[in-house]
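Presented below is the structure to which this report refers.
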Amino acid sequence: MFGLGQAQAYVLFALTIAALAVEAYAFVHALKTRPDAFAAAGKRTKNFWLAVTGLAVLLGFVALGGTILFLAIIGVVAAGIYLADVKPAVDSVQGRGRGNNLHQGPYGPW
């Protein structure tokens with residue numbers, strides 16, 4: 001019999017998988033980015049962000065068991081900080097992202 005508890009477990013598992021995918025994407029991006037881009041963007045070193053995002057992936061993987069779900073939250077927050085703050089900065093230094101327009105705001109030119 002398929003109950004509400006089982007449906008909640010499936011939804012929680014899907015969300016944990018999605019969080020793990022976000023964490024893995026952040027780790028791979030940090031891995032592929034040049035080390036000098038972090039310094040040029042005024043961010044912490046590449047090794048620091050590799051450690052943070054790598055730990056996030058590890059926490060997300062551990063959380064797949066479903067017993068320690070707060071670890072998944074910690075991991076996705078760490079990856080989210082990288083993706084929201086560091087990734088756009090290093091992408092603009094490397095010439096990737098939304099073009100090379102220096103007067104480009106989040107919703108268009110200013």
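We name chains A, B, ... following the order of the structure tokens; residues begin at 1 in each chain, and ligands are numbered from 1 as shown.
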Give me the residues near Leu31 in chain A as a PyMOL selection string, where near means some atom within 9 Å (using only C-alpha atoms) and where sequence neighbours in that chain fewer than 6 positions away do not count. chain A and resi 46+49-50
Let's have the selection written as a PDB file, in the first residue's frame, with N, CA and C atoms.
```pdb
ATOM      1  N   LYS A  46      41.613  28.873  -4.792  1.00  0.00           N
ATOM      2  CA  LYS A  46      40.965  27.731  -5.437  1.00  0.00           C
ATOM      3  C   LYS A  46      40.924  26.537  -4.485  1.00  0.00           C
ATOM      4  N   TRP A  49      38.044  26.820  -2.020  1.00  0.00           N
ATOM      5  CA  TRP A  49      36.728  26.534  -2.590  1.00  0.00           C
ATOM      6  C   TRP A  49      36.603  25.080  -3.017  1.00  0.00           C
ATOM      7  N   LEU A  50      37.713  24.442  -3.402  1.00  0.00           N
ATOM      8  CA  LEU A  50      37.663  23.001  -3.673  1.00  0.00           C
ATOM      9  C   LEU A  50      37.359  22.230  -2.388  1.00  0.00           C
TER      10      LEU A  50
END
```
List the spatial neighbours of Gly54 in chain A as a PyMOL selection string - criterion: any atom at most 12 Å away, only C-alpha atoms, same-chain residues fewer than 3 positions off excluded. chain A and resi 20+22-31+46-51+57-61+75-76+78-79+82
From the DSSP assignment of the backbone, select every residue of chain A that is strand (DSSP E), and format the answer as an mmCIF file with N, CA and C atoms, in the first residue's frame.
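The result, written out as selection_22.cif:
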```
data_model
loop_
_atom_site.group_PDB
_atom_site.id
_atom_site.type_symbol
_atom_site.label_atom_id
_atom_site.label_comp_id
_atom_site.auth_asym_id
_atom_site.auth_seq_id
_atom_site.Cartn_x
_atom_site.Cartn_y
_atom_site.Cartn_z
ATOM 1 N N GLN A 104 26.891 45.782 -17.032
ATOM 2 C CA GLN A 104 25.809 44.816 -17.100
ATOM 3 C C GLN A 104 25.347 44.489 -15.686
ATOM 4 N N GLY A 105 24.116 44.812 -15.385
ATOM 5 C CA GLY A 105 23.536 44.480 -14.091
ATOM 6 C C GLY A 105 22.847 43.133 -14.155
ATOM 7 N N GLY A 108 19.989 43.459 -16.800
ATOM 8 C CA GLY A 108 20.271 44.139 -18.055
ATOM 9 C C GLY A 108 21.257 45.270 -17.857
ATOM 10 N N PRO A 109 21.500 46.021 -18.913
ATOM 11 C CA PRO A 109 22.493 47.099 -18.805
ATOM 12 C C PRO A 109 22.000 48.233 -17.916
#
```
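Taking CA of Gly65 in chain A and CA of Phe2 in chain A as the two end points, the separation is 20.5 Å.
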Assign secondary structure with DSSP using the backbone only, and return the residues of chain A in alpha helix (DSSP H) as a VMD selection string. chain A and resid 4 to 32 35 to 40 46 to 62 69 to 81 87 to 93
May I ask for the distance between CA of Leu12 in chain A and CA of Leu55 in chain A, given in Å to one decimal place? 20.9 Å
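Once Phe38 in chain A and its same-chain neighbours fewer than 2 positions away are set aside, Ala30, Thr33, Arg34, Pro35, Asp36, Ala40, Ala41, Gly42, Lys43, Arg44, Thr45, Lys46, Asn47, Trp49, Val86, Lys87, Ala89, Val90, Asp91, Val93 and Gln94 of chain A remain within 10 Å of it when counting only C-alpha atoms.
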Would you output that residue set with N, CA and C atoms, as a PDB file, in the first residue's frame?
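Printed below is part-v2.pdb as written:
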```
ATOM      1  N   ALA A  30      34.486  24.595  -9.700  1.00  0.00           N
ATOM      2  CA  ALA A  30      35.676  25.034  -8.965  1.00  0.00           C
ATOM      3  C   ALA A  30      36.912  24.283  -9.441  1.00  0.00           C
ATOM      4  N   THR A  33      38.115  25.769 -12.909  1.00  0.00           N
ATOM      5  CA  THR A  33      38.457  27.180 -12.964  1.00  0.00           C
ATOM      6  C   THR A  33      39.945  27.372 -12.667  1.00  0.00           C
ATOM      7  N   ARG A  34      40.563  28.307 -13.397  1.00  0.00           N
ATOM      8  CA  ARG A  34      41.982  28.603 -13.192  1.00  0.00           C
ATOM      9  C   ARG A  34      42.209  29.161 -11.783  1.00  0.00           C
ATOM     10  N   PRO A  35      43.324  28.821 -11.143  1.00  0.00           N
ATOM     11  CA  PRO A  35      43.587  29.326  -9.786  1.00  0.00           C
ATOM     12  C   PRO A  35      43.731  30.847  -9.717  1.00  0.00           C
ATOM     13  N   ASP A  36      44.294  31.459 -10.748  1.00  0.00           N
ATOM     14  CA  ASP A  36      44.493  32.910 -10.708  1.00  0.00           C
ATOM     15  C   ASP A  36      43.184  33.681 -10.846  1.00  0.00           C
ATOM     16  N   ALA A  40      42.097  37.096  -8.862  1.00  0.00           N
ATOM     17  CA  ALA A  40      41.738  38.274  -9.657  1.00  0.00           C
ATOM     18  C   ALA A  40      40.325  38.756  -9.344  1.00  0.00           C
ATOM     19  N   ALA A  41      39.452  37.859  -8.952  1.00  0.00           N
ATOM     20  CA  ALA A  41      38.079  38.232  -8.611  1.00  0.00           C
ATOM     21  C   ALA A  41      37.953  38.689  -7.160  1.00  0.00           C
ATOM     22  N   GLY A  42      39.047  38.610  -6.406  1.00  0.00           N
ATOM     23  CA  GLY A  42      39.011  39.027  -5.015  1.00  0.00           C
ATOM     24  C   GLY A  42      38.356  38.010  -4.101  1.00  0.00           C
ATOM     25  N   LYS A  43      38.420  36.747  -4.459  1.00  0.00           N
ATOM     26  CA  LYS A  43      37.803  35.673  -3.664  1.00  0.00           C
ATOM     27  C   LYS A  43      38.886  34.840  -3.000  1.00  0.00           C
ATOM     28  N   ARG A  44      38.484  33.904  -2.155  1.00  0.00           N
ATOM     29  CA  ARG A  44      39.434  33.003  -1.509  1.00  0.00           C
ATOM     30  C   ARG A  44      40.097  32.134  -2.572  1.00  0.00           C
ATOM     31  N   THR A  45      41.099  31.347  -2.168  1.00  0.00           N
ATOM     32  CA  THR A  45      41.882  30.568  -3.118  1.00  0.00           C
ATOM     33  C   THR A  45      41.080  29.405  -3.702  1.00  0.00           C
ATOM     34  N   LYS A  46      41.613  28.873  -4.792  1.00  0.00           N
ATOM     35  CA  LYS A  46      40.965  27.731  -5.437  1.00  0.00           C
ATOM     36  C   LYS A  46      40.924  26.537  -4.485  1.00  0.00           C
ATOM     37  N   ASN A  47      42.021  26.307  -3.762  1.00  0.00           N
ATOM     38  CA  ASN A  47      42.051  25.172  -2.834  1.00  0.00           C
ATOM     39  C   ASN A  47      40.998  25.304  -1.742  1.00  0.00           C
ATOM     40  N   TRP A  49      38.044  26.820  -2.020  1.00  0.00           N
ATOM     41  CA  TRP A  49      36.728  26.534  -2.590  1.00  0.00           C
ATOM     42  C   TRP A  49      36.603  25.080  -3.017  1.00  0.00           C
ATOM     43  N   VAL A  86      30.817  33.314  -5.851  1.00  0.00           N
ATOM     44  CA  VAL A  86      32.144  33.100  -6.424  1.00  0.00           C
ATOM     45  C   VAL A  86      32.077  32.814  -7.917  1.00  0.00           C
ATOM     46  N   LYS A  87      31.174  31.952  -8.342  1.00  0.00           N
ATOM     47  CA  LYS A  87      31.098  31.567  -9.753  1.00  0.00           C
ATOM     48  C   LYS A  87      30.894  32.758 -10.686  1.00  0.00           C
ATOM     49  N   ALA A  89      31.733  35.830 -10.228  1.00  0.00           N
ATOM     50  CA  ALA A  89      32.927  36.676 -10.182  1.00  0.00           C
ATOM     51  C   ALA A  89      34.067  36.070 -10.994  1.00  0.00           C
ATOM     52  N   VAL A  90      34.321  34.775 -10.837  1.00  0.00           N
ATOM     53  CA  VAL A  90      35.417  34.169 -11.592  1.00  0.00           C
ATOM     54  C   VAL A  90      35.054  34.014 -13.065  1.00  0.00           C
ATOM     55  N   ASP A  91      33.778  33.825 -13.365  1.00  0.00           N
ATOM     56  CA  ASP A  91      33.375  33.763 -14.772  1.00  0.00           C
ATOM     57  C   ASP A  91      33.587  35.097 -15.467  1.00  0.00           C
ATOM     58  N   VAL A  93      35.846  37.310 -14.693  1.00  0.00           N
ATOM     59  CA  VAL A  93      37.292  37.489 -14.838  1.00  0.00           C
ATOM     60  C   VAL A  93      37.804  36.688 -16.029  1.00  0.00           C
ATOM     61  N   GLN A  94      37.257  35.510 -16.230  1.00  0.00           N
ATOM     62  CA  GLN A  94      37.703  34.648 -17.321  1.00  0.00           C
ATOM     63  C   GLN A  94      37.030  34.972 -18.647  1.00  0.00           C
TER      64      GLN A  94
END
```
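Minimum atom-to-atom distance to Tyr10 in chain A, evaluated using only C-alpha atoms, belongs to A:Leu64 out of A:Leu64, A:Pro88, A:Leu83, A:Thr53.
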